[in-house]
Amino acid sequence: MDEQTINNLREALKFSPGNIPLKQHLAETLLKAGRLQEAEAEYKELLALTDDVKIKAALAKVFYLQQQYSRCNVILEALIQGGSPDAEVFVLHAKALLKENEISKAIESYQRALLLDPGSTDEELDNELRVNTTTSYTEDDGGDHSPFVQKPSINFDDVGGMADIKKEIDLKIIRPLRHPELYKAYGKKTGGGILLYGPPGCGKTYIAKATAGQVNARFISVGLSDILDMWIGNSEKNLHYVFETARQNTPCVLFFDEIDALGASRSDMKQSGGRHLINQFLQELDGIDGNNEGILVLGATNTPWHLDSAFRRPGRFDRIIFIPPPDESARESILKIKLKNKPADAIDYRALAKKTVNFSGADLEALIDIAIEEKLEASFEDGVPRPLTTKDLENAGKKHKPSTTEWFGTAKNFALFSNDSGLYDDVLSYMKLKK
């Protein structure tokens, strides 16, 4: 049946080669028949005729089925950045990320799919990813064998630029952990809480991991998917388990990404479950159920103004560090890392760094993806990868506006009108608004 349909469609296209619906029907039929190389060729030809999102998603599916997961993700990530794709795009993205062992990113993509469409479940993703989000942990799970615990192989030498930030972290975080005996002599505890805040995509997670590496401490990175559970009371148990794991692995840096999602202001919450979780979090920070000596708790947030004020009391997240967009030296380092092992001519990294002021690390990655997309379209003609040039990347930079601009617009309002405690002085200094 498929063979006859395919032959009929090919015959019809001889008389109407530019007929997009007809060509799309042929590509879909080839895909269903498992004739992936032929389907790939048809979808590439379609993309020369139209910029249809569904056709791009279908080509990504072809690459996924051909086990070309990196090429699949390049297309899907461009679709996600370009707007609000449907749940199927996020499901495929999660599956491709899973194949590349990007577990945390796969969980995030699958969760976004389920938020868009609760019915878009996938058996493979449920089996591989839902264990950590719907199963409560037990005390026996702790210790070095815990899936959370890492021993970072990076330190400040691996962080390009950001000299002022590294100096501040050294003074506020590293020296106390390296010289606990001095603190003990004065009756002060080492550890405590530090809040890292700033625009999204500016390397807060990387800085946190490098901090742990700098003091040769263990590192536990905690995301929403590690804590939140659909059953009442399980989220609090999961949070307690994470802190207990840290207590068993001191010295330890315990890092909470998007902490505002776990510690949002209780006055804004309608559900009591969220308030219970915040109360549990505060108890863990205070060490009511255990000794937090030697544990440094780092929290990262894009929106510190949404964090419950109780988190910023002494002994909790009472030290705050602003993480701005990467400076010129850092942008140069990021570009070199992101372009490593990609086909490229001699790139003028310094020139690109100068032209990407206020670009976050995520913006630089998006810039590279835009340049790759355009090269891919050119490469589809003969299947030969064309190397990226400085000009390609400069042109891509003109098409992508820095995402930090919107953040600074919002932060400016809080920094100017809700800064009684001087919390946002660094933002004002960075924006050259502080006298």
# chains A, B, ... in the order shown; residues from 1 in each chain; ligands from 1
>>> residues_around(residues="A:Ala217", least_positions_apart="3", cutoff="9 Å", atoms="only C-alpha atoms", output="tab-separated table (two decimals) with N, CA and C atoms, in the first residue's frame")
chain	number	residue	atom	x	y	z
A	151	LYS	N	32.04	15.24	42.66
A	151	LYS	CA	33.33	15.82	43.05
A	151	LYS	C	33.78	16.61	41.82
A	152	PRO	N	33.51	17.92	41.79
A	152	PRO	CA	33.78	18.71	40.59
A	152	PRO	C	35.24	18.66	40.17
A	211	THR	N	33.27	26.79	42.59
A	211	THR	CA	33.53	27.12	44.00
A	211	THR	C	33.80	25.85	44.81
A	212	ALA	N	32.98	24.83	44.57
A	212	ALA	CA	33.17	23.54	45.26
A	212	ALA	C	34.52	22.94	44.88
A	213	GLY	N	34.86	23.01	43.60
A	213	GLY	CA	36.15	22.49	43.14
A	213	GLY	C	37.32	23.23	43.73
A	214	GLN	N	37.14	24.53	43.94
A	214	GLN	CA	38.22	25.37	44.47
A	214	GLN	C	38.59	24.97	45.90
A	249	ASN	N	28.29	14.24	53.88
A	249	ASN	CA	29.37	14.38	52.90
A	249	ASN	C	30.11	15.71	53.02
A	250	THR	N	30.25	16.22	54.24
A	250	THR	CA	30.95	17.49	54.44
A	250	THR	C	32.47	17.30	54.23
A	251	PRO	N	33.21	18.37	53.80
A	251	PRO	CA	32.67	19.67	53.40
A	251	PRO	C	31.90	19.54	52.10
A	252	CYS	N	30.80	20.27	52.02
A	252	CYS	CA	29.90	20.09	50.88
A	252	CYS	C	29.29	21.42	50.47
A	253	VAL	N	29.22	21.63	49.17
A	253	VAL	CA	28.49	22.77	48.61
A	253	VAL	C	27.16	22.25	48.11
>>> select_by_dssp(residues="stretch 15-114 of chain A", states="helix (DSSP H, G or I)", output="PyMOL selection string")
chain A and resi 15+20-32+36-49+53-65+69-81+87-99+103-114
>>> select_by_dssp(residues="stretch 137-352 of chain A", states="strand (DSSP E)", output="PyMOL selection string")
chain A and resi 149-150+192-197+218-222+252-256+295-301+319-322
>>> closest_atom_pairs(of="stretch 353-411 of chain A", to="stretch 421-428 of chain A", cutoff="12 Å", atoms="only C-alpha atoms", output="tab-separated table")
residue	atom	partner	partner_atom	distance
A:Trp407	CA	A:Val427	CA	10.9
A:Phe408	CA	A:Val427	CA	8.3
A:Gly409	CA	A:Val427	CA	11.0
A:Thr410	CA	A:Val427	CA	11.1
A:Ala411	CA	A:Val427	CA	7.6
>>> residues_around(residues="A:Asp289", least_positions_apart="4", cutoff="9 Å", atoms="only C-alpha atoms", output="list in words")
His240, Gln283 and Glu284 of chain A
>>> write_last_selection(atoms="C-alpha atoms", output="PDB file, in the first residue's frame")
ATOM      1  CA  HIS A 240      15.193  16.660  54.069  1.00  0.00           C
ATOM      2  CA  GLN A 283      14.073  24.494  59.253  1.00  0.00           C
ATOM      3  CA  GLU A 284      16.773  22.714  57.237  1.00  0.00           C
TER       4      GLU A 284
END
>>> residues_around(residues="A:Glu293", least_positions_apart="2", cutoff="12 Å", atoms="only C-alpha atoms", output="mmCIF file with N, CA and C atoms, in the first residue's frame")
data_model
loop_
_atom_site.group_PDB
_atom_site.id
_atom_site.type_symbol
_atom_site.label_atom_id
_atom_site.label_comp_id
_atom_site.auth_asym_id
_atom_site.auth_seq_id
_atom_site.Cartn_x
_atom_site.Cartn_y
_atom_site.Cartn_z
ATOM 1 N N PRO A 176 36.610 31.121 54.521
ATOM 2 C CA PRO A 176 36.017 30.497 55.724
ATOM 3 C C PRO A 176 36.060 28.975 55.687
ATOM 4 N N LEU A 177 35.852 28.376 54.512
ATOM 5 C CA LEU A 177 35.868 26.924 54.427
ATOM 6 C C LEU A 177 37.286 26.368 54.513
ATOM 7 N N PRO A 180 38.657 26.788 58.823
ATOM 8 C CA PRO A 180 37.589 26.622 59.826
ATOM 9 C C PRO A 180 38.086 26.813 61.250
ATOM 10 N N TYR A 183 37.674 30.345 62.452
ATOM 11 C CA TYR A 183 36.276 30.649 62.764
ATOM 12 C C TYR A 183 35.865 30.000 64.085
ATOM 13 N N LYS A 184 36.378 28.786 64.304
ATOM 14 C CA LYS A 184 36.032 28.069 65.540
ATOM 15 C C LYS A 184 36.578 28.810 66.759
ATOM 16 N N LYS A 188 32.524 31.063 65.634
ATOM 17 C CA LYS A 188 31.677 31.173 64.445
ATOM 18 C C LYS A 188 31.697 29.861 63.672
ATOM 19 N N LYS A 189 30.574 29.537 63.048
ATOM 20 C CA LYS A 189 30.476 28.323 62.251
ATOM 21 C C LYS A 189 30.885 28.604 60.810
ATOM 22 N N THR A 190 31.493 27.588 60.190
ATOM 23 C CA THR A 190 31.754 27.689 58.752
ATOM 24 C C THR A 190 30.505 27.247 58.006
ATOM 25 N N GLY A 191 30.441 27.605 56.764
ATOM 26 C CA GLY A 191 29.261 27.261 55.971
ATOM 27 C C GLY A 191 28.278 28.414 55.972
ATOM 28 N N GLY A 192 27.014 28.091 55.905
ATOM 29 C CA GLY A 192 25.988 29.118 55.834
ATOM 30 C C GLY A 192 25.371 29.185 54.454
ATOM 31 N N GLY A 193 24.725 30.311 54.167
ATOM 32 C CA GLY A 193 24.004 30.428 52.908
ATOM 33 C C GLY A 193 24.432 31.638 52.097
ATOM 34 N N PHE A 243 19.371 17.483 52.301
ATOM 35 C CA PHE A 243 20.187 18.079 53.364
ATOM 36 C C PHE A 243 20.929 17.000 54.159
ATOM 37 N N ALA A 246 23.936 15.953 52.264
ATOM 38 C CA ALA A 246 24.999 16.954 52.403
ATOM 39 C C ALA A 246 25.700 16.822 53.756
ATOM 40 N N ARG A 247 24.921 16.594 54.823
ATOM 41 C CA ARG A 247 25.499 16.484 56.170
ATOM 42 C C ARG A 247 26.427 15.264 56.285
ATOM 43 N N GLN A 248 26.131 14.231 55.499
ATOM 44 C CA GLN A 248 26.962 13.021 55.529
ATOM 45 C C GLN A 248 28.188 13.141 54.634
ATOM 46 N N ASN A 249 28.292 14.241 53.881
ATOM 47 C CA ASN A 249 29.366 14.383 52.900
ATOM 48 C C ASN A 249 30.111 15.712 53.025
ATOM 49 N N THR A 250 30.252 16.216 54.245
ATOM 50 C CA THR A 250 30.955 17.485 54.440
ATOM 51 C C THR A 250 32.468 17.302 54.225
ATOM 52 N N PRO A 251 33.212 18.367 53.799
ATOM 53 C CA PRO A 251 32.665 19.672 53.399
ATOM 54 C C PRO A 251 31.897 19.540 52.098
ATOM 55 N N CYS A 252 30.804 20.267 52.015
ATOM 56 C CA CYS A 252 29.900 20.091 50.885
ATOM 57 C C CYS A 252 29.289 21.425 50.469
ATOM 58 N N VAL A 253 29.223 21.634 49.173
ATOM 59 C CA VAL A 253 28.495 22.772 48.614
ATOM 60 C C VAL A 253 27.156 22.247 48.108
ATOM 61 N N LEU A 285 17.682 24.931 56.794
ATOM 62 C CA LEU A 285 18.726 25.963 56.796
ATOM 63 C C LEU A 285 19.171 26.284 58.216
ATOM 64 N N ASP A 286 18.236 26.279 59.148
ATOM 65 C CA ASP A 286 18.551 26.583 60.545
ATOM 66 C C ASP A 286 19.201 25.408 61.268
ATOM 67 N N GLY A 287 19.224 24.232 60.614
ATOM 68 C CA GLY A 287 19.845 23.062 61.239
ATOM 69 C C GLY A 287 19.068 22.522 62.408
ATOM 70 N N GLY A 290 19.389 18.759 62.234
ATOM 71 C CA GLY A 290 20.732 18.224 62.008
ATOM 72 C C GLY A 290 21.764 19.335 62.016
ATOM 73 N N ASN A 291 23.045 18.936 62.121
ATOM 74 C CA ASN A 291 24.147 19.889 62.185
ATOM 75 C C ASN A 291 24.573 20.297 60.775
ATOM 76 N N ILE A 295 28.626 22.811 55.759
ATOM 77 C CA ILE A 295 27.772 22.818 54.567
ATOM 78 C C ILE A 295 27.603 24.264 54.104
ATOM 79 N N LEU A 296 27.963 24.515 52.876
ATOM 80 C CA LEU A 296 27.723 25.815 52.274
ATOM 81 C C LEU A 296 26.525 25.676 51.340
ATOM 82 N N VAL A 297 25.459 26.399 51.635
ATOM 83 C CA VAL A 297 24.251 26.342 50.817
ATOM 84 C C VAL A 297 24.269 27.524 49.850
ATOM 85 N N GLY A 315 22.044 33.927 59.191
ATOM 86 C CA GLY A 315 22.194 32.481 59.324
ATOM 87 C C GLY A 315 21.592 31.708 58.167
#
>>> closest_residue(among="A:Ser403, A:Leu254, A:Lys44, A:Arg218", to="A:Glu381", atoms="only C-alpha atoms")
A:Lys44
>>> closest_residue(among="A:Asp117, A:Glu88, A:Asp257, A:Glu100", to="A:Arg71", atoms="only C-alpha atoms")
A:Glu100
>>> residues_around(residues="A:Ile207", least_positions_apart="4", cutoff="10 Å", atoms="only C-alpha atoms", output="list of chain:residue names")
A:Ile154, A:Asn155, A:Phe156, A:Asp158, A:Val159, A:Met162, A:Ile165, A:Lys166, A:Ile169, A:Leu196, A:Cys202, A:Gly203, A:Thr211, A:Ala212, A:Gly213, A:Ile323
>>> residues_around(residues="A:Ala396", least_positions_apart="2", cutoff="7 Å", atoms="only C-alpha atoms", output="list in words")
Leu367, Ile370, Ala371, Asp392, Leu393, Glu394, Lys398, Lys399 and His400 of chain A
>>> write_last_selection(atoms="N, CA and C atoms", output="PDB file, in the first residue's frame")
ATOM      1  N   LEU A 367      23.424  32.365  19.721  1.00  0.00           N
ATOM      2  CA  LEU A 367      24.095  32.979  18.569  1.00  0.00           C
ATOM      3  C   LEU A 367      24.764  31.907  17.715  1.00  0.00           C
ATOM      4  N   ILE A 370      22.173  29.878  15.801  1.00  0.00           N
ATOM      5  CA  ILE A 370      21.650  30.588  14.631  1.00  0.00           C
ATOM      6  C   ILE A 370      22.623  30.447  13.461  1.00  0.00           C
ATOM      7  N   ALA A 371      23.914  30.625  13.741  1.00  0.00           N
ATOM      8  CA  ALA A 371      24.927  30.493  12.693  1.00  0.00           C
ATOM      9  C   ALA A 371      24.960  29.074  12.140  1.00  0.00           C
ATOM     10  N   ASP A 392      30.031  34.749   9.862  1.00  0.00           N
ATOM     11  CA  ASP A 392      28.777  34.025  10.147  1.00  0.00           C
ATOM     12  C   ASP A 392      28.295  34.329  11.563  1.00  0.00           C
ATOM     13  N   LEU A 393      29.216  34.288  12.509  1.00  0.00           N
ATOM     14  CA  LEU A 393      28.866  34.499  13.912  1.00  0.00           C
ATOM     15  C   LEU A 393      28.502  35.960  14.179  1.00  0.00           C
ATOM     16  N   GLU A 394      29.176  36.881  13.514  1.00  0.00           N
ATOM     17  CA  GLU A 394      28.835  38.298  13.666  1.00  0.00           C
ATOM     18  C   GLU A 394      27.429  38.578  13.136  1.00  0.00           C
ATOM     19  N   LYS A 398      23.863  39.852  15.169  1.00  0.00           N
ATOM     20  CA  LYS A 398      22.984  40.969  14.815  1.00  0.00           C
ATOM     21  C   LYS A 398      21.511  40.550  14.867  1.00  0.00           C
ATOM     22  N   LYS A 399      21.258  39.247  14.688  1.00  0.00           N
ATOM     23  CA  LYS A 399      19.878  38.744  14.673  1.00  0.00           C
ATOM     24  C   LYS A 399      19.373  38.405  16.069  1.00  0.00           C
ATOM     25  N   HIS A 400      20.286  38.213  17.003  1.00  0.00           N
ATOM     26  CA  HIS A 400      19.885  37.804  18.364  1.00  0.00           C
ATOM     27  C   HIS A 400      20.165  38.937  19.348  1.00  0.00           C
TER      28      HIS A 400
END
>>> atom_distance(atom1="atom CA of A:Ala58", atom2="atom CA of A:Thr29")
11.8 Å
>>> atom_distance(atom1="atom CA of A:Asn234", atom2="atom CA of A:His276")
11.0 Å
>>> closest_residue(among="A:Leu36, A:Leu224, A:Leu376, A:Leu30", to="A:Ile75", atoms="only C-alpha atoms")
A:Leu376
>>> decode(residues="stretch 274-289 of chain A", atoms="N, CA and C atoms", output="compact mmCIF listing (two decimals), in the first residue's frame")
# COMPACT_ATOMS: atom_id res chain seq x y z
N GLY A 274 2.75 24.50 49.31
CA GLY A 274 3.91 25.33 49.03
C GLY A 274 4.45 25.97 50.29
N ARG A 275 3.55 26.42 51.18
CA ARG A 275 3.99 27.04 52.43
C ARG A 275 4.67 26.01 53.33
N HIS A 276 4.16 24.78 53.34
CA HIS A 276 4.79 23.72 54.15
C HIS A 276 6.21 23.46 53.67
N LEU A 277 6.40 23.47 52.33
CA LEU A 277 7.73 23.21 51.78
C LEU A 277 8.71 24.31 52.18
N ILE A 278 8.26 25.58 52.13
CA ILE A 278 9.11 26.70 52.52
C ILE A 278 9.49 26.58 54.00
N ASN A 279 8.51 26.24 54.83
CA ASN A 279 8.80 26.08 56.26
C ASN A 279 9.83 24.97 56.50
N GLN A 280 9.70 23.88 55.74
CA GLN A 280 10.68 22.79 55.85
C GLN A 280 12.07 23.28 55.43
N PHE A 281 12.12 24.06 54.35
CA PHE A 281 13.37 24.61 53.85
C PHE A 281 14.04 25.48 54.92
N LEU A 282 13.26 26.33 55.55
CA LEU A 282 13.80 27.21 56.59
C LEU A 282 14.33 26.41 57.79
N GLN A 283 13.63 25.36 58.14
CA GLN A 283 14.07 24.49 59.25
C GLN A 283 15.40 23.82 58.91
N GLU A 284 15.53 23.36 57.65
CA GLU A 284 16.77 22.71 57.24
C GLU A 284 17.93 23.71 57.25
N LEU A 285 17.68 24.93 56.79
CA LEU A 285 18.73 25.96 56.80
C LEU A 285 19.17 26.28 58.22
N ASP A 286 18.24 26.28 59.15
CA ASP A 286 18.55 26.58 60.54
C ASP A 286 19.20 25.41 61.27
N GLY A 287 19.22 24.23 60.61
CA GLY A 287 19.85 23.06 61.24
C GLY A 287 19.07 22.52 62.41
N ILE A 288 17.75 22.70 62.39
CA ILE A 288 16.91 22.22 63.51
C ILE A 288 16.96 20.70 63.62
N ASP A 289 16.98 20.01 62.46
CA ASP A 289 16.96 18.54 62.47
C ASP A 289 18.35 17.94 62.26
